[in-house]
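First comes the structure, then the notes that go with it.
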Amino acid sequence: MSNILNIARTELKRIFLSPLAWAVLAVVQFIMGFVFINLLVDYANNAGMQPDDTIGVSDYVAGSLYGFATILLLLVMPLMTMRVFAEERKGNTLVLLTSAPVSITEIVLGKFLGVLGFILAIVVLMAAMPLSLHWSTNLDWGRVAAGLLGLFLMMMTFASAGLFVSSLTREPTIAAVGSFGLLLVIWLLNILGYNDSIPFRDVFNYLSLIGHYDSLRRGIFNSADIVYYLLFSGLFLWLTVQRLDMERN
């Protein structure tokens, strides 16, 4: 466990020593701040115009904000994972890393935890915007917490898939494009789920990334959705271990 934490600490330090990480945080926060202000203004202008009181600020502002965040982060996360293994392979340091007295599993988990540290920083910044409304509105903390949990789990799956693609190549740009393409295909599987003429439509709908997130964004805690994201991440981490193990041998 100490090896995993040491690798995670090193990876997290390497991430935040890169100008890319700070640029990503700044751009994401700027865009999300712009979206947040527009949602807030739109909600204020339409207050009292709903036929009932079912759509509150937690749904309209926080839910919509986190829904938009997934699209933005789908573009951002491949940039953050593209260098994890591809750059090490390109710089001929991956051989040194895999020859160290640690297992491949420890290396992969350590790198993954390092990326999760960066993800946690994004989630905290995302949480600050809706939570700033606490003093002036009645926030539904359950809905906000569910949306943040879904956002974290979604980004965790992005990271695991990105690590796997990064382990396949020595070019970070190829890893970024490949990660984005893979995630987008899995994301859009729900389109097939809405087509009645396609067999196994329920399977495609279940495998889609976005379908499970929508439930959490609406404040619905379903253990099946959480297990889906954990299994998704575990699968791609296992594939990354197998890929690096083949290279080590």
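FYI, nothing fancy with the structure tokens labels: chains A, B, ... in order, residues from 1 per chain, ligands from 1 as they appear.
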Rows by chain and residue number, range 97-191 of chain A within 12 Å of range 228-247 of chain A, shortest pair, only C-alpha atoms, as a tab-separated table:
```
residue	atom	partner	partner_atom	distance
A:Leu97	CA	A:Leu244	CA	10.8
A:Thr98	CA	A:Leu244	CA	8.1
A:Ser99	CA	A:Glu247	CA	10.9
A:Ser103	CA	A:Asp245	CA	9.2
A:Ile104	CA	A:Val241	CA	6.0
A:Thr105	CA	A:Val241	CA	5.9
A:Glu106	CA	A:Val241	CA	9.2
A:Ile107	CA	A:Val241	CA	8.6
A:Val108	CA	A:Val241	CA	6.5
A:Leu109	CA	A:Leu237	CA	7.7
A:Gly110	CA	A:Leu237	CA	11.1
A:Lys111	CA	A:Leu237	CA	10.4
A:Phe112	CA	A:Leu237	CA	8.3
A:Leu113	CA	A:Leu237	CA	11.3
A:Leu116	CA	A:Ser233	CA	11.8
A:Leu149	CA	A:Tyr229	CA	11.0
A:Gly150	CA	A:Tyr229	CA	9.1
A:Leu151	CA	A:Tyr229	CA	10.8
A:Phe152	CA	A:Tyr229	CA	10.0
A:Leu153	CA	A:Tyr229	CA	6.2
A:Met154	CA	A:Tyr229	CA	7.0
A:Met155	CA	A:Tyr229	CA	9.6
A:Met156	CA	A:Ser233	CA	6.8
A:Thr157	CA	A:Ser233	CA	5.0
A:Phe158	CA	A:Ser233	CA	8.2
A:Ala159	CA	A:Ser233	CA	8.0
A:Ser160	CA	A:Ser233	CA	5.3
A:Ala161	CA	A:Phe236	CA	5.6
A:Gly162	CA	A:Phe236	CA	8.7
A:Leu163	CA	A:Thr240	CA	6.9
A:Phe164	CA	A:Thr240	CA	4.7
A:Val165	CA	A:Thr240	CA	8.1
A:Ser166	CA	A:Thr240	CA	8.8
A:Ser167	CA	A:Thr240	CA	6.4
A:Leu168	CA	A:Arg243	CA	7.4
A:Thr169	CA	A:Arg243	CA	10.7
A:Ser179	CA	A:Phe236	CA	11.6
A:Leu182	CA	A:Phe236	CA	11.6
A:Leu183	CA	A:Phe232	CA	11.4
A:Ile186	CA	A:Phe232	CA	10.7
```
Tell me which protein, DNA and RNA residues are within 6 Å of range 207-216 of chain A, counting only C-alpha atoms, leaving out same-chain ones fewer than 5 positions away, and put them as a PyMOL selection string.
chain A and resi 146-147+150+186-187+189-190+221+225
Please write the residues from the selection above to a file, keeping C-alpha atoms, as a CSV table (one decimal), in the first residue's frame.
```
chain,number,residue,atom,x,y,z
A,146,ALA,CA,-25.7,13.0,-5.7
A,147,GLY,CA,-24.7,15.2,-8.6
A,150,GLY,CA,-22.0,11.2,-10.1
A,186,ILE,CA,-19.4,4.4,-24.9
A,187,TRP,CA,-21.2,7.7,-24.1
A,189,LEU,CA,-24.4,3.9,-26.8
A,190,ASN,CA,-27.6,5.2,-25.3
A,221,PHE,CA,-29.0,7.2,-5.4
A,225,ASP,CA,-25.3,3.1,-11.1
```
Per DSSP on the backbone, filter chain A down to the residues in helix (DSSP H, G or I) and report them as a ChimeraX atom specification.
/A:2-17,19-45,57-81,86-90,94-98,104-131,141-166,172-187,189-193,201-207,209-217,223-248
Pairwise distance, CA of Pro78 in chain A with CA of Val61 in chain A, equals 26.6 Å
What lies within 12 Å of range 130-139 of chain A using only C-alpha atoms, ignoring chain neighbours under 2 positions off, as JSON, numbers by chain?
{"A": [32, 33, 35, 36, 37, 39, 40, 44, 55, 56, 57, 58, 59, 60, 61, 62, 63, 64, 65, 66, 123, 124, 125, 126, 127, 128, 141, 142, 143, 144, 145, 147, 148]}
Keeping C-alpha atoms for every residue in the selection just given, could you write it to a file as a PDB file, in the first residue's frame?
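File produced: result-v6.pdb:
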```pdb
ATOM      1  CA  MET A  32     -18.339  26.692 -15.573  1.00  0.00           C
ATOM      2  CA  GLY A  33     -18.562  30.063 -13.823  1.00  0.00           C
ATOM      3  CA  VAL A  35     -22.557  28.771 -17.269  1.00  0.00           C
ATOM      4  CA  PHE A  36     -23.409  29.049 -13.559  1.00  0.00           C
ATOM      5  CA  ILE A  37     -24.117  32.781 -13.768  1.00  0.00           C
ATOM      6  CA  LEU A  39     -28.276  29.530 -15.180  1.00  0.00           C
ATOM      7  CA  LEU A  40     -28.726  31.665 -12.084  1.00  0.00           C
ATOM      8  CA  ALA A  44     -34.235  34.257 -11.340  1.00  0.00           C
ATOM      9  CA  ILE A  55     -38.199  22.530 -10.217  1.00  0.00           C
ATOM     10  CA  GLY A  56     -36.095  24.177  -7.526  1.00  0.00           C
ATOM     11  CA  VAL A  57     -32.731  25.871  -7.607  1.00  0.00           C
ATOM     12  CA  SER A  58     -30.973  22.578  -6.813  1.00  0.00           C
ATOM     13  CA  ASP A  59     -32.509  20.977  -9.912  1.00  0.00           C
ATOM     14  CA  TYR A  60     -32.331  23.893 -12.290  1.00  0.00           C
ATOM     15  CA  VAL A  61     -28.966  25.414 -11.376  1.00  0.00           C
ATOM     16  CA  ALA A  62     -26.903  22.614  -9.803  1.00  0.00           C
ATOM     17  CA  GLY A  63     -28.361  19.817 -11.938  1.00  0.00           C
ATOM     18  CA  SER A  64     -27.948  21.721 -15.197  1.00  0.00           C
ATOM     19  CA  LEU A  65     -24.458  22.868 -14.199  1.00  0.00           C
ATOM     20  CA  TYR A  66     -23.259  19.334 -13.513  1.00  0.00           C
ATOM     21  CA  VAL A 123     -14.992  18.427  -8.050  1.00  0.00           C
ATOM     22  CA  VAL A 124     -14.283  20.748  -5.098  1.00  0.00           C
ATOM     23  CA  LEU A 125     -14.241  23.749  -7.426  1.00  0.00           C
ATOM     24  CA  MET A 126     -17.463  22.541  -9.047  1.00  0.00           C
ATOM     25  CA  ALA A 127     -19.092  22.197  -5.634  1.00  0.00           C
ATOM     26  CA  ALA A 128     -18.200  25.742  -4.596  1.00  0.00           C
ATOM     27  CA  TRP A 141     -28.223  18.877  -0.170  1.00  0.00           C
ATOM     28  CA  GLY A 142     -29.095  15.336  -1.247  1.00  0.00           C
ATOM     29  CA  ARG A 143     -29.465  16.331  -4.885  1.00  0.00           C
ATOM     30  CA  VAL A 144     -26.278  18.378  -4.827  1.00  0.00           C
ATOM     31  CA  ALA A 145     -24.345  15.546  -3.168  1.00  0.00           C
ATOM     32  CA  GLY A 147     -24.707  15.235  -8.567  1.00  0.00           C
ATOM     33  CA  LEU A 148     -21.180  15.664  -7.183  1.00  0.00           C
TER      34      LEU A 148
END
```
